[in-house]
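See below for the structure under consideration.
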Amino acid sequence: MRSPISIILLLLCTNATAQQAPDPKQFLNPPVAAKPWVFWYWMNAAVSKEGLHADLLAMKSAGIGGAYLMPINGATNPPQYTPITEQLSPRWWEMVRYAMQQADSLGLQLAMHACDGFAVAGGPWITPALSMQKIVSSRITLYGGKHITKALPQPPALENYYKDIAVFAFPTPAAWDDTARKGPLKCEDSCHLDFTFDKPFTCRSIIIHSTNNYQSNRLLIQTSDDGEHFHDIGRLIPPRHGWQDGDAPITHSIPTTTARYFRFIYDKTGSEPGAEDLDAAKWKPVLKLTAIELSAAPAINQFEGKSGEVWRIGLPANDKELPASLCIPQSKLINITAYLDKQGHLDWQAPPGHWTILRIGQTSTGHTNATGGGAKGLECDKFNPEAIKLQFDRWFGEAIRQAGPELASRVLKIFHVDSWECGSQNWSPVFRAEFKKRRGYDLLNYLPAMTGVPIGSAEESEKFLHDIRQTIAELIHDQFYVTLANLAHAHGCTFSAECVAPTMTGDDLLHYSAVDIPMGEFWLRSPTHDKPNDILDAISGGHLYGKNIIQAEAFTELREAWDETPAMLKTLQDRNYALGINRLVLHVFVHNPWMDRKPGMTLGGVGTYLQRDQTWWPLAKGWIDYTTRCQWLLQQGRPVADIAVFTGEEIPRRAWLPERLTTILPGLIGADRITAETKRLENKGEPTTKQPNGVVHSANMADPADWTDPLHGYAFDSFNPDALFRLATVHNGRIELPGGASYACLVVPGPTSPAAAKRLAQLKSHGATILYAPVTHLNIRPDLTALKNLAYTHRTGPGFDIYFISNPSDHQFGGLVTCRITGRAPELWDPLTGSVDTALQYNSTPNNTLVRLTLEGHQSIFLVFRRKAATPKQLNATIVKTALKTGPWTIRFDTIKTVTTDTLFDWSQRSDTTIRYYSGLAVYTTTFEATPTQNPAFLDLGHVADIAKVTINNIDVGTVWTSNKLEITKALHPGVNTLKVTVANTWANRLHHTGLPAGLLGPLTLSVHASPSP
């Protein structure tokens, strides 16, 4: 275990290193901290020592830095592998120790999650009383003026756990008792559902019961007095919501409406295209209504989200829907808890009148770490430090004890909390006391508002519910994440964590202040599951709180197609680097217990297959080296962002997506993009598409690829209230934060609270630039401009600036790139080769440096400014390119077949099915002659499907995986040369007979530069 002093010294040393100008030698061979990691899933209690050893060797040989060891599920029936290695069993701990020992011997590091599975922190030791909890209620009405002895219905309970909190009585009109319910109804085209009453029915609230169905919550309401002539009342407006939205129905408040006939009309016209915060709208528009319930009783609009029971953002209640006459005055709310016995019997002398009796209690949310196996159980109470400590101790702490603290201290380096997949929580045994401590008043007499009962007024109820959500947001940070951070640090571990949104109510940037390594996730070819908001939450959170490494769960895929290659992944990878990610955790490296089965174990087809039995994994090091070099430079200095955009004070809240800034920063986004975004949101015709195959979804969801460099040379971060109130200072006109973030301006999208307005005015008085939407221009120069959109990010430190620049297009970019740097010379650092080119064509002005660049399609480079500017040398190389004349080729397809040919061919076009459907490595050998030269020589392999390692005269000259060109000067001999090309395709042709091109297809060319390479 490290002492606190050693941890502090380590952090100081790390920061000091990060502030030095980058060294080309380290760029060629970066340190361990720059290496990518993998998610190492142990599936279905199927684990073998032979497989573990082989997995770790494969990681080491490819250049992986470490693995997140995460078991998933328990044993299948019948088991896939025997003996079974069920989580928590002696064999399980034996395998964990063995994995740590093997990792230690190979110089690899490991991380473990907070629980079995990947969400979030639960186990069999968590009792219902220690689990995540929520408010539940039941209500009855009765007439008073007499002694009431009555058993009150118990509110719904989960896990056989229920405790009363309070019982209230309040006078209500008898007419509020009226309800009506109909359903289910399912249809794809237009349809309607009618309610018919014998006498006029008064409706004030509508409850929609469905399973995460967007269309159910946008029905058009019509009424009629005769059943023939209907008129519109309005349309239900769905709340913004996440993917885990099934824990509560949705209550809509409407203005008091009386009629004999109510009609609810479904028509998909006008549907939104869906987003991370409107998840159910992503899917093919279909009405799936479980039931619709009309109620005469008033209710707070969409209170289920406002109370924190689920992650939702609904429109606030207003006086039109909830006039004061429909709200319960505090003076008329009677607490009758004392008259309820332990068996739930009420014994109360009721005053005259009609009364509503509201029984409120707490129960478990019932959520578990559902992807776990032998250690599956209830999720721990995220507000209760005792439950959190127990969870840490029984899983992560036990792993340390089982391995032994000495071994664990060398290997088990990261404690991790994955993406939040266990719903929200709005109660705990500690919640009432914490609320009073933080908000300054007792919540008890407002508690009915958490069940939808309006108290005092619409405004008063909304304020209370906002206080509830604010308290939840603070407790998630203060109790859950801070407690876990302290425990991790006490064991010498760093703490990585993903997002809490859009499932747990809160501020999705705030918890990153307690986390050492913020983390988001991005998906490959899976638009319904991609998480661009997660990425921006982690990036902005990391920047606000000064976290140097910001990770991403990378390339998660909904339905693996088996055609994935590093070249396919690169543009997505580079786009996320340009956003601010600087370390990848590859998803997914599944443990394969079998040594004789390939591809072997998978995550049920989810995730990109990035593991030892991937056909091209033996050749993956070239891609991993590129990744490591990028990540090392992207971890130097601090990020440069000119604009901070205030998130506002609503809860839940997240980072801003660029497409949401069109009305806030219209002058920077530009008219063309605004027009395109307006058209996308109109979603005319509600078009759908399929990606991946079989998954039908809206064709008009926002695509992050369309938002490369959205502000045309300006980077932005989202800026939460914690940064505004607690962290921000002003220095030389810039808004600065303790972690190093510095902004030229703070943009405020809309109205703020009086407290926020006062703080903004204070910052402005100290010299900060505060801008209010819409912002049409900035009085600062762009950081980077080019004639074509390039993805970029900029980092700076004492004496150096680093620009990562990526061409996301299929087409070559050639032209000037203008950087907001003066006085220093640009150098081109190529992460593909590790080379540094100091002979660039550039021009310095008093305000900028203009650099002439040529970038092939999907190429990425770094411009590094660390040397004093000088007169650049103009080097114009003469390149002599000739077709490479080779002898016959010998192609060895593993142990299956050897072929000799004079002509290169596509494996998938051969009549021989052993070659046509071959997936794996094939070794090509031939010879060629070269004339003596002292100048740089390059070999272009032409078309390679899909990745190739090249040796000439037994000298490794590199791996072709994105560019097919390699410098071969060091290996080239005058006269006869031996060329060996080891080629790998994907699994697709073998598994699916897809007929994808495969092999070395050529043509091969040799290029010799007559003068030094420009």
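Ligands are numbered from 1 in the order shown, residues from 1 within each chain, and chains are lettered A, B, ... in the order they appear in the structure tokens.
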Could you give me, as a list in words, each residue of segment 540-656 of chain A that DSSP assigns to strand (DSSP E or B) when run on this structure's backbone?
->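 Put together, the selection reads Gln551, Ala552, Glu553, Ala554, Phe555, Thr556, Arg583, Leu584, Val585, Leu586, His587, Val588, Phe589, Val590, Arg638, Pro639, Ile643, Ala644, Val645, Phe646 and Arg653 of chain A.
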Report as JSON, numbers by chain: the residues of segment 614-819 of chain A with a DSSP assignment of helix (DSSP H, G or I), based on the backbone of this structure.
-> {"A": [617, 618, 619, 621, 622, 623, 624, 625, 626, 627, 628, 629, 630, 631, 632, 633, 634, 658, 659, 660, 661, 666, 667, 668, 669, 671, 672, 673, 674, 675, 676, 677, 678, 679, 680, 681, 682, 704, 705, 706, 707, 721, 722, 723, 724, 725, 726, 727, 754, 755, 756, 757, 758, 759, 760, 761, 762, 763, 764, 765]}
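Take atom CA of Phe264 of chain A and atom CA of Leu294 of chain A: the distance between them is 11.2 Å.
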Counting only C-alpha atoms, which of A:Trp961, A:Phe893, A:Phe383, A:Trp656 gets nearest to Ser428 of chain A?
-> A:Phe383
Might you pull out every residue within 10 Å of Ala259 of chain A, with only C-alpha atoms counted and same-chain residues fewer than 4 positions away left off, and present them as an mmCIF file with C-alpha atoms, in the first residue's frame?
```cif
data_model
loop_
_atom_site.group_PDB
_atom_site.id
_atom_site.type_symbol
_atom_site.label_atom_id
_atom_site.label_comp_id
_atom_site.auth_asym_id
_atom_site.auth_seq_id
_atom_site.Cartn_x
_atom_site.Cartn_y
_atom_site.Cartn_z
ATOM 1 C CA PHE A 195 -63.229 7.231 -23.641
ATOM 2 C CA THR A 196 -66.995 7.582 -23.408
ATOM 3 C CA PHE A 197 -68.762 8.683 -20.227
ATOM 4 C CA LYS A 199 -72.040 12.143 -17.844
ATOM 5 C CA PRO A 200 -69.335 14.782 -18.280
ATOM 6 C CA PHE A 201 -65.970 13.718 -16.865
ATOM 7 C CA THR A 202 -63.486 16.260 -15.557
ATOM 8 C CA CYS A 203 -59.855 15.423 -16.278
ATOM 9 C CA GLN A 222 -59.508 15.800 -28.418
ATOM 10 C CA THR A 223 -62.831 16.147 -26.610
ATOM 11 C CA SER A 224 -66.464 16.193 -27.632
ATOM 12 C CA ASP A 225 -69.837 16.638 -26.007
ATOM 13 C CA ASP A 226 -71.783 14.663 -28.611
ATOM 14 C CA GLY A 227 -69.292 12.054 -29.828
#
```
Counting only C-alpha atoms, figure out which residue out of A:Ala715, A:Ala561, A:Val880, A:Ile357 gets nearest to Thr994 of chain A.
-> A:Ala561
Quick one: residues within 9 Å of Pro658 of chain A, only C-alpha atoms counted, chain neighbours fewer than 6 positions away excluded, as number ranges by chain?
-> A: 669, 704, 707, 710-711
What are the closest atom pairs, with distances in Å to one decimal, for all residues of segment 597-705 of chain A lying within 8 Å of segment 772-795 of chain A? Consider only C-alpha atoms, order rows by chain and residue number, and present the result as JSON lines.
```
{"residue": "A:Leu634", "atom": "CA", "partner": "A:Arg795", "partner_atom": "CA", "distance": 7.2}
{"residue": "A:Gln636", "atom": "CA", "partner": "A:Arg795", "partner_atom": "CA", "distance": 7.1}
{"residue": "A:Gly637", "atom": "CA", "partner": "A:Arg795", "partner_atom": "CA", "distance": 5.8}
{"residue": "A:Arg638", "atom": "CA", "partner": "A:Arg795", "partner_atom": "CA", "distance": 5.2}
{"residue": "A:Pro639", "atom": "CA", "partner": "A:Arg795", "partner_atom": "CA", "distance": 4.4}
{"residue": "A:Val640", "atom": "CA", "partner": "A:Arg795", "partner_atom": "CA", "distance": 5.5}
{"residue": "A:Thr663", "atom": "CA", "partner": "A:Pro774", "partner_atom": "CA", "distance": 6.1}
{"residue": "A:Ile664", "atom": "CA", "partner": "A:Pro774", "partner_atom": "CA", "distance": 4.6}
{"residue": "A:Leu665", "atom": "CA", "partner": "A:Val775", "partner_atom": "CA", "distance": 4.8}
{"residue": "A:Pro666", "atom": "CA", "partner": "A:Thr776", "partner_atom": "CA", "distance": 5.9}
{"residue": "A:Gly667", "atom": "CA", "partner": "A:Thr776", "partner_atom": "CA", "distance": 3.7}
{"residue": "A:Leu668", "atom": "CA", "partner": "A:His777", "partner_atom": "CA", "distance": 6.4}
```
Hey, what's within 6 Å of segment 120-137 of chain A if we count only C-alpha atoms and toss same-chain stuff fewer than 4 positions away? As a list in words, please?
->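 Using only C-alpha atoms, the neighbours found are Ala114, Cys115, Pro155, Arg359, Ile360, Gly361, Gln362, Thr363, Ser364, Thr365, Asn369, Ala375, Lys376, Gly377, Leu378, Glu379, Cys380, Asp381, Ala387, Trp420, Gln425, Asn426, Trp427 and Ser428 of chain A.
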Print the selection's residues with N, CA, C and O atoms to a file, as an mmCIF file, in the first residue's frame.
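The resulting file, out08.cif, is shown below:
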```cif
data_model
loop_
_atom_site.group_PDB
_atom_site.id
_atom_site.type_symbol
_atom_site.label_atom_id
_atom_site.label_comp_id
_atom_site.auth_asym_id
_atom_site.auth_seq_id
_atom_site.Cartn_x
_atom_site.Cartn_y
_atom_site.Cartn_z
ATOM 1 N N ALA A 114 -16.294 -2.167 -9.529
ATOM 2 C CA ALA A 114 -16.838 -2.068 -8.178
ATOM 3 C C ALA A 114 -17.684 -3.265 -7.788
ATOM 4 O O ALA A 114 -18.072 -3.388 -6.626
ATOM 5 N N CYS A 115 -17.992 -4.136 -8.756
ATOM 6 C CA CYS A 115 -18.804 -5.306 -8.450
ATOM 7 C C CYS A 115 -18.651 -6.326 -9.560
ATOM 8 O O CYS A 115 -18.018 -6.068 -10.581
ATOM 9 N N PRO A 155 -48.221 0.737 0.167
ATOM 10 C CA PRO A 155 -47.672 1.089 -1.148
ATOM 11 C C PRO A 155 -46.909 -0.092 -1.747
ATOM 12 O O PRO A 155 -46.462 -0.987 -1.023
ATOM 13 N N ARG A 359 -50.445 7.573 2.124
ATOM 14 C CA ARG A 359 -49.443 6.804 2.871
ATOM 15 C C ARG A 359 -48.161 6.750 2.044
ATOM 16 O O ARG A 359 -48.157 6.292 0.894
ATOM 17 N N ILE A 360 -47.072 7.230 2.628
ATOM 18 C CA ILE A 360 -45.793 7.327 1.911
ATOM 19 C C ILE A 360 -44.759 6.475 2.627
ATOM 20 O O ILE A 360 -44.622 6.544 3.854
ATOM 21 N N GLY A 361 -44.035 5.693 1.866
ATOM 22 C CA GLY A 361 -42.988 4.867 2.441
ATOM 23 C C GLY A 361 -41.808 4.702 1.512
ATOM 24 O O GLY A 361 -41.725 5.337 0.459
ATOM 25 N N GLN A 362 -40.907 3.836 1.922
ATOM 26 C CA GLN A 362 -39.696 3.584 1.143
ATOM 27 C C GLN A 362 -39.586 2.101 0.867
ATOM 28 O O GLN A 362 -40.000 1.255 1.670
ATOM 29 N N THR A 363 -39.059 1.780 -0.302
ATOM 30 C CA THR A 363 -38.785 0.394 -0.664
ATOM 31 C C THR A 363 -37.527 0.358 -1.508
ATOM 32 O O THR A 363 -36.988 1.397 -1.916
ATOM 33 N N SER A 364 -37.048 -0.832 -1.775
ATOM 34 C CA SER A 364 -35.901 -1.002 -2.660
ATOM 35 C C SER A 364 -36.309 -0.694 -4.096
ATOM 36 O O SER A 364 -37.446 -0.938 -4.498
ATOM 37 N N THR A 365 -35.384 -0.158 -4.875
ATOM 38 C CA THR A 365 -35.653 -0.002 -6.309
ATOM 39 C C THR A 365 -35.645 -1.353 -7.017
ATOM 40 O O THR A 365 -36.137 -1.460 -8.139
ATOM 41 N N ASN A 369 -26.892 -5.695 -9.872
ATOM 42 C CA ASN A 369 -25.811 -5.729 -10.861
ATOM 43 C C ASN A 369 -26.117 -6.869 -11.817
ATOM 44 O O ASN A 369 -25.572 -7.967 -11.739
ATOM 45 N N ALA A 375 -21.715 -13.306 -7.832
ATOM 46 C CA ALA A 375 -21.764 -12.182 -6.891
ATOM 47 C C ALA A 375 -22.837 -11.178 -7.284
ATOM 48 O O ALA A 375 -22.735 -9.989 -7.000
ATOM 49 N N LYS A 376 -23.895 -11.674 -7.937
ATOM 50 C CA LYS A 376 -25.003 -10.801 -8.287
ATOM 51 C C LYS A 376 -25.862 -10.545 -7.056
ATOM 52 O O LYS A 376 -26.085 -11.424 -6.233
ATOM 53 N N GLY A 377 -26.341 -9.314 -6.932
ATOM 54 C CA GLY A 377 -27.216 -8.964 -5.820
ATOM 55 C C GLY A 377 -27.746 -7.571 -5.992
ATOM 56 O O GLY A 377 -27.553 -6.924 -7.026
ATOM 57 N N LEU A 378 -28.427 -7.093 -4.981
ATOM 58 C CA LEU A 378 -29.009 -5.760 -5.031
ATOM 59 C C LEU A 378 -27.923 -4.696 -5.124
ATOM 60 O O LEU A 378 -26.828 -4.842 -4.555
ATOM 61 N N GLU A 379 -28.253 -3.625 -5.820
ATOM 62 C CA GLU A 379 -27.351 -2.469 -5.895
ATOM 63 C C GLU A 379 -27.343 -1.748 -4.554
ATOM 64 O O GLU A 379 -28.386 -1.530 -3.935
ATOM 65 N N CYS A 380 -26.161 -1.339 -4.117
ATOM 66 C CA CYS A 380 -26.044 -0.683 -2.819
ATOM 67 C C CYS A 380 -26.636 0.723 -2.850
ATOM 68 O O CYS A 380 -26.712 1.369 -3.901
ATOM 69 N N ASP A 381 -27.056 1.186 -1.684
ATOM 70 C CA ASP A 381 -27.584 2.541 -1.488
ATOM 71 C C ASP A 381 -26.474 3.537 -1.806
ATOM 72 O O ASP A 381 -25.445 3.576 -1.134
ATOM 73 N N ALA A 387 -23.220 1.455 3.340
ATOM 74 C CA ALA A 387 -23.511 0.479 2.293
ATOM 75 C C ALA A 387 -22.423 0.494 1.226
ATOM 76 O O ALA A 387 -22.022 -0.557 0.700
ATOM 77 N N TRP A 420 -23.515 3.886 -15.671
ATOM 78 C CA TRP A 420 -24.584 3.682 -14.697
ATOM 79 C C TRP A 420 -25.757 2.966 -15.368
ATOM 80 O O TRP A 420 -26.417 3.522 -16.228
ATOM 81 N N GLN A 425 -32.361 6.732 -7.919
ATOM 82 C CA GLN A 425 -32.831 6.530 -6.553
ATOM 83 C C GLN A 425 -33.166 7.886 -5.964
ATOM 84 O O GLN A 425 -32.497 8.882 -6.247
ATOM 85 N N ASN A 426 -34.234 7.933 -5.151
ATOM 86 C CA ASN A 426 -34.620 9.219 -4.553
ATOM 87 C C ASN A 426 -34.879 9.135 -3.063
ATOM 88 O O ASN A 426 -35.463 10.056 -2.485
ATOM 89 N N TRP A 427 -34.434 8.035 -2.442
ATOM 90 C CA TRP A 427 -34.601 7.943 -0.995
ATOM 91 C C TRP A 427 -33.517 7.062 -0.399
ATOM 92 O O TRP A 427 -32.870 6.272 -1.105
ATOM 93 N N SER A 428 -33.333 7.235 0.894
ATOM 94 C CA SER A 428 -32.369 6.474 1.677
ATOM 95 C C SER A 428 -32.666 6.762 3.135
ATOM 96 O O SER A 428 -33.243 7.823 3.460
#
```
